[in-house]
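Data file: final28.tsv. Format and content: TSV, C-alpha atoms.
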```tsv
chain	number	residue	atom	x	y	z
A	1	MET	CA	-34.76	22.93	-43.93
A	2	SER	CA	-33.51	21.28	-40.75
A	3	GLY	CA	-30.63	19.20	-39.42
A	4	PHE	CA	-27.59	20.36	-37.47
A	5	VAL	CA	-27.41	24.02	-36.52
A	6	GLU	CA	-23.67	23.46	-36.13
A	7	LYS	CA	-22.51	20.01	-37.25
A	8	PRO	CA	-19.57	18.82	-35.15
A	9	GLU	CA	-16.42	17.50	-36.74
A	10	PRO	CA	-15.81	13.85	-35.79
A	11	LEU	CA	-12.86	13.17	-33.54
A	12	GLN	CA	-9.98	11.22	-35.02
A	13	VAL	CA	-9.05	8.36	-32.69
A	14	PRO	CA	-6.24	5.89	-33.51
A	15	GLY	CA	-7.65	2.45	-34.33
A	16	LEU	CA	-11.20	3.74	-34.91
A	17	VAL	CA	-12.95	4.61	-38.15
A	18	HIS	CA	-15.73	7.19	-37.96
A	19	LEU	CA	-18.94	5.86	-39.50
A	20	HIS	CA	-21.70	8.31	-38.71
A	21	THR	CA	-22.62	11.43	-36.77
A	22	GLY	CA	-26.20	11.13	-35.55
A	23	LYS	CA	-28.47	13.50	-33.68
A	24	VAL	CA	-27.01	12.38	-30.36
A	25	ARG	CA	-24.60	9.51	-30.99
A	26	ASP	CA	-21.37	9.21	-32.92
A	27	LEU	CA	-20.57	5.81	-34.36
A	28	TYR	CA	-17.12	4.40	-34.96
A	29	GLN	CA	-15.78	0.96	-35.85
A	30	ASN	CA	-12.78	-0.59	-34.15
A	31	GLU	CA	-10.22	-2.89	-35.71
A	32	ALA	CA	-12.18	-5.96	-34.57
A	33	GLY	CA	-15.21	-4.78	-36.54
A	34	ASP	CA	-17.24	-3.88	-33.44
A	35	LEU	CA	-19.25	-0.67	-33.22
A	36	VAL	CA	-18.10	2.03	-30.82
A	37	MET	CA	-21.13	4.14	-29.85
A	38	VAL	CA	-20.48	7.47	-28.14
A	39	ALA	CA	-23.44	9.34	-26.63
A	40	SER	CA	-22.87	13.09	-26.86
A	41	ASP	CA	-24.59	15.84	-24.88
A	42	ARG	CA	-26.35	17.09	-28.02
A	43	ILE	CA	-30.11	17.52	-27.93
A	44	SER	CA	-32.56	17.65	-30.82
A	45	ALA	CA	-36.04	19.12	-31.16
A	46	TYR	CA	-38.35	19.61	-34.12
A	47	ASP	CA	-35.85	17.82	-36.39
A	48	TRP	CA	-33.04	20.24	-35.50
A	49	VAL	CA	-29.93	19.33	-33.53
A	50	LEU	CA	-29.63	22.39	-31.32
A	51	PRO	CA	-26.46	24.46	-30.89
A	52	THR	CA	-26.61	24.13	-27.09
A	53	GLU	CA	-25.64	20.93	-25.29
A	54	ILE	CA	-27.14	19.55	-22.07
A	55	PRO	CA	-24.30	18.72	-19.66
A	56	ASP	CA	-24.11	15.03	-18.62
A	57	LYS	CA	-26.97	14.05	-20.95
A	58	GLY	CA	-24.92	11.45	-22.83
A	59	ARG	CA	-23.71	9.77	-19.66
A	60	THR	CA	-27.23	9.74	-18.24
A	61	LEU	CA	-28.63	8.08	-21.38
A	62	THR	CA	-25.82	5.53	-21.38
A	63	ARG	CA	-26.26	4.62	-17.70
A	64	LEU	CA	-30.02	4.30	-18.09
A	65	SER	CA	-29.74	2.14	-21.21
A	66	LEU	CA	-27.32	-0.20	-19.44
A	67	TRP	CA	-29.69	-0.48	-16.47
A	68	TRP	CA	-32.61	-1.32	-18.75
A	69	PHE	CA	-30.58	-3.86	-20.72
A	70	ASP	CA	-29.98	-5.67	-17.42
A	71	GLN	CA	-33.69	-5.57	-16.50
A	72	LEU	CA	-34.70	-6.97	-19.89
A	73	ALA	CA	-31.98	-9.58	-20.32
A	74	GLU	CA	-34.41	-12.51	-19.98
A	75	LEU	CA	-36.62	-11.13	-22.74
A	76	ALA	CA	-34.10	-10.00	-25.32
A	77	PRO	CA	-30.34	-10.23	-25.79
A	78	ASN	CA	-28.65	-6.86	-26.37
A	79	HIS	CA	-25.75	-5.57	-28.40
A	80	VAL	CA	-23.41	-4.42	-25.60
A	81	LEU	CA	-19.99	-6.06	-25.50
A	82	SER	CA	-18.07	-3.71	-23.19
A	83	THR	CA	-18.13	-0.34	-21.49
A	84	GLU	CA	-14.34	-0.01	-21.48
A	85	LEU	CA	-12.87	3.08	-23.06
A	86	PRO	CA	-11.06	2.31	-26.35
A	87	PRO	CA	-7.29	2.87	-26.23
A	88	GLY	CA	-6.46	6.43	-27.22
A	89	ALA	CA	-10.01	7.70	-26.80
A	90	PRO	CA	-10.44	11.14	-25.16
A	91	ALA	CA	-11.17	11.21	-21.44
A	92	ASP	CA	-14.55	12.83	-22.09
A	93	TRP	CA	-15.75	9.57	-23.68
A	94	ALA	CA	-15.68	7.87	-20.28
A	95	GLY	CA	-19.16	6.89	-19.14
A	96	ARG	CA	-20.73	7.64	-22.50
A	97	THR	CA	-19.15	4.93	-24.68
A	98	LEU	CA	-20.35	1.42	-25.47
A	99	ILE	CA	-18.57	-1.23	-27.52
A	100	CYS	CA	-21.32	-3.08	-29.35
A	101	LYS	CA	-21.90	-5.95	-31.72
A	102	SER	CA	-22.21	-5.04	-35.37
A	103	LEU	CA	-25.69	-6.22	-36.34
A	104	ARG	CA	-27.86	-6.45	-39.43
A	105	MET	CA	-30.32	-3.76	-38.41
A	106	ALA	CA	-34.05	-3.93	-39.06
A	107	PRO	CA	-34.93	-0.89	-41.20
A	108	VAL	CA	-37.82	0.30	-39.01
A	109	GLU	CA	-38.32	2.12	-35.74
A	110	CYS	CA	-40.24	-0.32	-33.53
A	111	VAL	CA	-42.64	1.89	-31.59
A	112	ALA	CA	-44.92	0.67	-28.80
A	113	ARG	CA	-47.72	2.84	-27.44
A	114	GLY	CA	-49.68	2.23	-24.27
A	115	TYR	CA	-51.18	5.71	-24.10
A	116	LEU	CA	-52.53	8.13	-26.68
A	117	THR	CA	-50.46	11.26	-27.33
A	118	GLY	CA	-48.14	12.84	-29.86
A	119	SER	CA	-48.49	11.87	-33.52
A	120	GLY	CA	-50.81	9.03	-32.49
A	121	LEU	CA	-53.25	11.55	-31.04
A	122	VAL	CA	-53.17	13.62	-34.24
A	123	GLU	CA	-54.08	10.58	-36.36
A	124	TYR	CA	-56.69	9.41	-33.86
A	125	ASN	CA	-58.44	12.77	-33.92
A	126	GLU	CA	-58.64	12.55	-37.71
A	127	SER	CA	-59.65	8.93	-38.22
A	128	ARG	CA	-59.95	7.11	-34.86
A	129	THR	CA	-56.90	5.06	-35.86
A	130	VAL	CA	-53.17	4.99	-35.09
A	131	CYS	CA	-50.98	3.58	-37.86
A	132	GLY	CA	-54.18	2.20	-39.35
A	133	LEU	CA	-55.18	0.37	-36.15
A	134	ALA	CA	-58.76	1.15	-35.13
A	135	LEU	CA	-59.23	2.48	-31.59
A	136	PRO	CA	-62.42	3.04	-29.58
A	137	GLU	CA	-64.28	6.34	-29.47
A	138	GLY	CA	-63.87	8.74	-26.59
A	139	LEU	CA	-60.10	8.71	-26.13
A	140	VAL	CA	-58.30	11.98	-25.33
A	141	ASP	CA	-54.74	13.19	-24.94
A	142	GLY	CA	-53.15	10.95	-22.31
A	143	SER	CA	-55.77	8.17	-22.37
A	144	GLU	CA	-54.53	4.67	-21.63
A	145	LEU	CA	-55.17	2.36	-24.57
A	146	PRO	CA	-57.15	-0.86	-24.10
A	147	SER	CA	-53.87	-2.72	-24.72
A	148	PRO	CA	-50.44	-1.69	-26.02
A	149	ILE	CA	-50.12	-1.36	-29.79
A	150	PHE	CA	-47.23	-1.71	-32.24
A	151	THR	CA	-46.98	1.42	-34.39
A	152	PRO	CA	-43.80	1.25	-36.49
A	153	ALA	CA	-42.15	4.20	-38.19
A	154	THR	CA	-39.59	4.76	-40.90
A	155	LYS	CA	-36.03	5.53	-39.88
A	156	ALA	CA	-35.30	9.14	-40.87
A	157	ALA	CA	-31.97	10.78	-41.61
A	158	VAL	CA	-30.79	13.69	-39.47
A	159	GLY	CA	-33.00	16.67	-40.24
A	160	GLU	CA	-35.89	14.55	-41.42
A	161	HIS	CA	-38.89	13.29	-39.48
A	162	ASP	CA	-39.78	9.68	-38.75
A	163	GLU	CA	-43.09	8.82	-40.41
A	164	ASN	CA	-45.58	6.32	-39.04
A	165	VAL	CA	-46.26	3.36	-41.31
A	166	SER	CA	-48.71	0.49	-41.18
A	167	TYR	CA	-47.83	-3.00	-40.02
A	168	GLU	CA	-48.65	-4.20	-43.52
A	169	GLU	CA	-46.01	-1.86	-44.94
A	170	VAL	CA	-43.42	-3.27	-42.52
A	171	ALA	CA	-44.35	-6.80	-43.58
A	172	ARG	CA	-43.93	-5.76	-47.21
A	173	GLN	CA	-40.47	-4.33	-46.50
A	174	VAL	CA	-39.00	-7.04	-44.27
A	175	GLY	CA	-41.26	-10.06	-44.78
A	176	ALA	CA	-44.19	-11.37	-42.78
A	177	ASP	CA	-42.13	-13.52	-40.39
A	178	THR	CA	-39.70	-10.74	-39.50
A	179	ALA	CA	-42.51	-8.22	-39.08
A	180	ALA	CA	-44.32	-10.58	-36.71
A	181	GLU	CA	-41.13	-11.17	-34.71
A	182	LEU	CA	-40.46	-7.43	-34.42
A	183	ARG	CA	-44.03	-6.76	-33.26
A	184	GLN	CA	-43.96	-9.55	-30.67
A	185	ALA	CA	-40.57	-8.47	-29.28
A	186	THR	CA	-41.53	-4.79	-29.19
A	187	LEU	CA	-44.74	-5.38	-27.27
A	188	ALA	CA	-43.13	-7.88	-24.88
A	189	VAL	CA	-40.26	-5.53	-24.00
A	190	TYR	CA	-42.59	-2.54	-23.70
A	191	SER	CA	-44.96	-4.43	-21.40
A	192	ARG	CA	-42.16	-5.52	-19.08
A	193	ALA	CA	-40.67	-2.02	-19.00
A	194	ARG	CA	-44.10	-0.44	-18.42
A	195	ASP	CA	-44.61	-2.65	-15.37
A	196	ILE	CA	-41.14	-1.88	-13.99
A	197	ALA	CA	-41.67	1.86	-14.46
A	198	ARG	CA	-45.14	1.71	-12.90
A	199	GLU	CA	-43.67	0.17	-9.74
A	200	ARG	CA	-41.52	3.30	-9.49
A	201	GLY	CA	-44.37	5.75	-9.95
A	202	ILE	CA	-43.69	6.46	-13.61
A	203	ILE	CA	-45.93	5.88	-16.63
A	204	LEU	CA	-44.17	4.68	-19.78
A	205	ALA	CA	-46.53	6.21	-22.33
A	206	ASP	CA	-44.67	5.08	-25.43
A	207	THR	CA	-41.20	4.19	-26.59
A	208	LYS	CA	-39.23	3.19	-29.64
A	209	PHE	CA	-36.77	0.34	-29.98
A	210	GLU	CA	-34.21	-0.62	-32.58
A	211	PHE	CA	-33.53	-4.26	-33.27
A	212	GLY	CA	-30.90	-6.01	-35.31
A	213	TYR	CA	-29.98	-9.57	-36.16
A	214	GLU	CA	-26.91	-11.53	-35.16
A	215	GLY	CA	-27.31	-14.43	-37.53
A	216	GLU	CA	-30.94	-15.44	-36.95
A	217	THR	CA	-31.11	-14.06	-33.40
A	218	LEU	CA	-33.05	-10.85	-32.77
A	219	VAL	CA	-31.00	-8.43	-30.64
A	220	LEU	CA	-32.05	-5.23	-28.86
A	221	ALA	CA	-29.76	-2.41	-29.97
A	222	ASP	CA	-28.98	1.32	-29.76
A	223	GLU	CA	-30.32	3.14	-26.70
A	224	VAL	CA	-33.28	1.73	-24.84
A	225	LEU	CA	-36.01	3.30	-22.69
A	226	THR	CA	-34.35	6.67	-22.18
A	227	PRO	CA	-36.04	10.08	-22.10
A	228	ASP	CA	-34.79	10.57	-25.68
A	229	SER	CA	-36.60	7.49	-26.98
A	230	SER	CA	-39.57	7.34	-24.60
A	231	ARG	CA	-42.28	9.40	-22.98
A	232	PHE	CA	-42.14	9.08	-19.19
A	233	TRP	CA	-44.89	10.71	-17.12
A	234	PRO	CA	-45.16	10.99	-13.33
A	235	ALA	CA	-48.01	8.64	-12.38
A	236	ASP	CA	-49.24	10.79	-9.50
A	237	SER	CA	-50.11	13.69	-11.81
A	238	TRP	CA	-51.53	11.69	-14.75
A	239	GLU	CA	-54.77	13.25	-15.87
A	240	PRO	CA	-56.10	12.46	-19.37
A	241	GLY	CA	-57.49	15.34	-21.38
A	242	HIS	CA	-54.38	17.45	-21.82
A	243	ALA	CA	-50.62	17.19	-22.30
A	244	GLN	CA	-48.90	15.48	-19.36
A	245	PRO	CA	-45.78	16.70	-17.52
A	246	SER	CA	-42.87	14.54	-18.61
A	247	PHE	CA	-39.28	13.52	-17.91
A	248	ASP	CA	-37.88	14.37	-21.33
A	249	LYS	CA	-37.03	17.28	-23.60
A	250	GLN	CA	-40.55	18.72	-23.63
A	251	TYR	CA	-39.17	21.60	-21.59
A	252	VAL	CA	-36.89	22.42	-24.54
A	253	ARG	CA	-39.72	22.10	-27.06
A	254	ASP	CA	-41.95	24.38	-25.00
A	255	TRP	CA	-39.28	27.08	-24.77
A	256	LEU	CA	-38.50	26.92	-28.48
A	257	THR	CA	-42.15	27.52	-29.37
A	258	SER	CA	-42.60	30.26	-26.75
A	259	ALA	CA	-42.56	33.99	-27.45
A	260	GLU	CA	-39.37	34.24	-25.37
A	261	SER	CA	-37.33	32.27	-27.91
A	262	GLY	CA	-38.47	34.39	-30.84
A	263	TRP	CA	-38.17	31.38	-33.14
A	264	ASP	CA	-40.75	30.55	-35.77
A	265	ARG	CA	-40.88	26.78	-36.11
A	266	LYS	CA	-42.36	27.09	-39.61
A	267	SER	CA	-39.54	29.27	-40.87
A	268	GLU	CA	-36.33	27.96	-42.42
A	269	GLN	CA	-34.24	29.69	-39.78
A	270	PRO	CA	-32.37	27.46	-37.30
A	271	PRO	CA	-33.48	27.58	-33.66
A	272	PRO	CA	-31.58	29.80	-31.22
A	273	ALA	CA	-29.25	28.76	-28.42
A	274	LEU	CA	-30.93	27.66	-25.20
A	275	PRO	CA	-30.72	29.93	-22.14
A	276	ALA	CA	-28.97	28.64	-19.02
A	277	ASN	CA	-32.19	28.09	-17.05
A	278	VAL	CA	-33.64	25.85	-19.78
A	279	VAL	CA	-30.39	23.89	-19.99
A	280	GLU	CA	-30.31	23.30	-16.23
A	281	ALA	CA	-34.00	22.38	-16.00
A	282	THR	CA	-33.63	19.89	-18.86
A	283	ARG	CA	-30.53	18.33	-17.30
A	284	ALA	CA	-32.45	17.98	-14.03
A	285	LYS	CA	-35.33	16.20	-15.83
A	286	TYR	CA	-33.00	13.62	-17.37
A	287	ILE	CA	-31.26	12.95	-14.06
A	288	GLU	CA	-34.56	12.73	-12.18
A	289	ALA	CA	-35.80	10.12	-14.66
A	290	TYR	CA	-32.63	8.09	-14.13
A	291	GLU	CA	-32.81	8.26	-10.34
A	292	ARG	CA	-36.54	7.52	-10.09
A	293	LEU	CA	-36.34	4.55	-12.45
A	294	THR	CA	-33.16	2.95	-11.15
A	295	GLY	CA	-33.43	3.94	-7.48
A	296	MET	CA	-29.76	4.97	-7.63
A	297	SER	CA	-28.14	8.36	-7.21
A	298	TRP	CA	-26.70	9.82	-10.42
A	299	THR	CA	-23.57	11.12	-8.70
```
Will you turn the file into structure tokens for me?
Amino acid sequence: MSGFVEKPEPLQVPGLVHLHTGKVRDLYQNEAGDLVMVASDRISAYDWVLPTEIPDKGRTLTRLSLWWFDQLAELAPNHVLSTELPPGAPADWAGRTLICKSLRMAPVECVARGYLTGSGLVEYNESRTVCGLALPEGLVDGSELPSPIFTPATKAAVGEHDENVSYEEVARQVGADTAAELRQATLAVYSRARDIARERGIILADTKFEFGYEGETLVLADEVLTPDSSRFWPADSWEPGHAQPSFDKQYVRDWLTSAESGWDRKSEQPPPALPANVVEATRAKYIEAYERLTGMSWT
């Protein structure tokens, strides 16, 4: 059992129709048929949406996505139409709301990995492969791969876990041409972002993208290259052979699995509320990632 510890009720806004409440984002549709995407301060871990929010998290993710969309504009068009607040929307939506094109979404998470960690490490330790792709012997947690790889995953509902799938399975689902286009775009965008991050002293270990189609044009959608969708590591402390310090919600994961939380991840009980020090440390990690990547002050 997993999902929302406390599922929020969607806000009713004149002129908007609520479509979906996700782990972090709420989706609406306006009268023109555009998507209205609102990034909340919710945080998820281990397939649970936690009862405690991280202040300013939604605004940080939105600002960082917009910055990355600008950096990547030559490689891939994106879905953003406007950052203006819809008429009648609550003031709290300011800075966390995007008006976006309604796209025909590709039904896969497009994951790029440049380093070995996470679920990729688990598979590698069992079979020396990641998503069926053979990798050389001798790699450890945090090793840089010989070249970036495309390791797609299924899109999971809230409370369920994305599952890695083979490239062949993606081709079977969406067709060989679309699969090839998704792989090429994913690796191109990852490679550009990796280089940009590296210039700022940050390793982009892996990330996931969502793409959709506007007619026949492939469009980069959803959030992009945030600490929620990516693993960012400080380059000056990178040391393969163990888990790396990161600019993401690993701090939350570590607390949840600590004796202090008292929570058994394998039980069916929902996780507890986060203490204030964990909330503040996590907020600081998100803001530090934004400031180090963009070179701009968050305030």
Exercise. Go through A:Tyr46, A:Glu123, A:Ser297, A:Tyr190 one by one, measure the shortest atom-to-atom distance of each to Glu268 in chain A using all atoms listed in the file, and give the residue with the smallest value.
Key: A:Tyr46
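Distances to Gly22 in chain A were evaluated for A:Arg172, A:Arg42, A:Arg128, A:Lys101 using all atoms listed in the file, and the minimum falls at A:Arg42.
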Exercise. Just give me the gap between CA of His18 in chain A and CA of Pro87 in chain A in Å, one decimal is fine.
Key: 15.1 Å
Sorted per-residue table, range 19-119 of chain A near range 2-8 of chain A, closest atoms and distance, 9 Å, all atoms listed in the file, as JSON lines:
```
{"residue": "A:Thr21", "atom": "CA", "partner": "A:Pro8", "partner_atom": "CA", "distance": 8.2}
{"residue": "A:Lys23", "atom": "CA", "partner": "A:Phe4", "partner_atom": "CA", "distance": 7.9}
{"residue": "A:Ser44", "atom": "CA", "partner": "A:Phe4", "partner_atom": "CA", "distance": 8.7}
{"residue": "A:Tyr46", "atom": "CA", "partner": "A:Ser2", "partner_atom": "CA", "distance": 8.4}
{"residue": "A:Asp47", "atom": "CA", "partner": "A:Ser2", "partner_atom": "CA", "distance": 6.0}
{"residue": "A:Trp48", "atom": "CA", "partner": "A:Gly3", "partner_atom": "CA", "distance": 4.7}
{"residue": "A:Val49", "atom": "CA", "partner": "A:Phe4", "partner_atom": "CA", "distance": 4.7}
{"residue": "A:Leu50", "atom": "CA", "partner": "A:Val5", "partner_atom": "CA", "distance": 5.9}
{"residue": "A:Pro51", "atom": "CA", "partner": "A:Val5", "partner_atom": "CA", "distance": 5.7}
```
Practice problem: Tell me which protein, DNA and RNA residues are within 6 Å of range 220-225 of chain A, counting only C-alpha atoms, leaving out same-chain ones fewer than 6 positions away, and put them as a PyMOL selection string. | Solution: chain A and resi 65+78-79+210-211
Once you add 4 Å to each side, what are the centre and edge lengths of the axis-aligned box holding all listed atoms of range 131-147 of chain A? One decimal in Å, as lines of an AutoDock Vina configuration file, if you can.
```
center_x = -57.6
center_y = 5.2
center_z = -30.5
size_x = 21.3
size_y = 23.9
size_z = 25.7
```
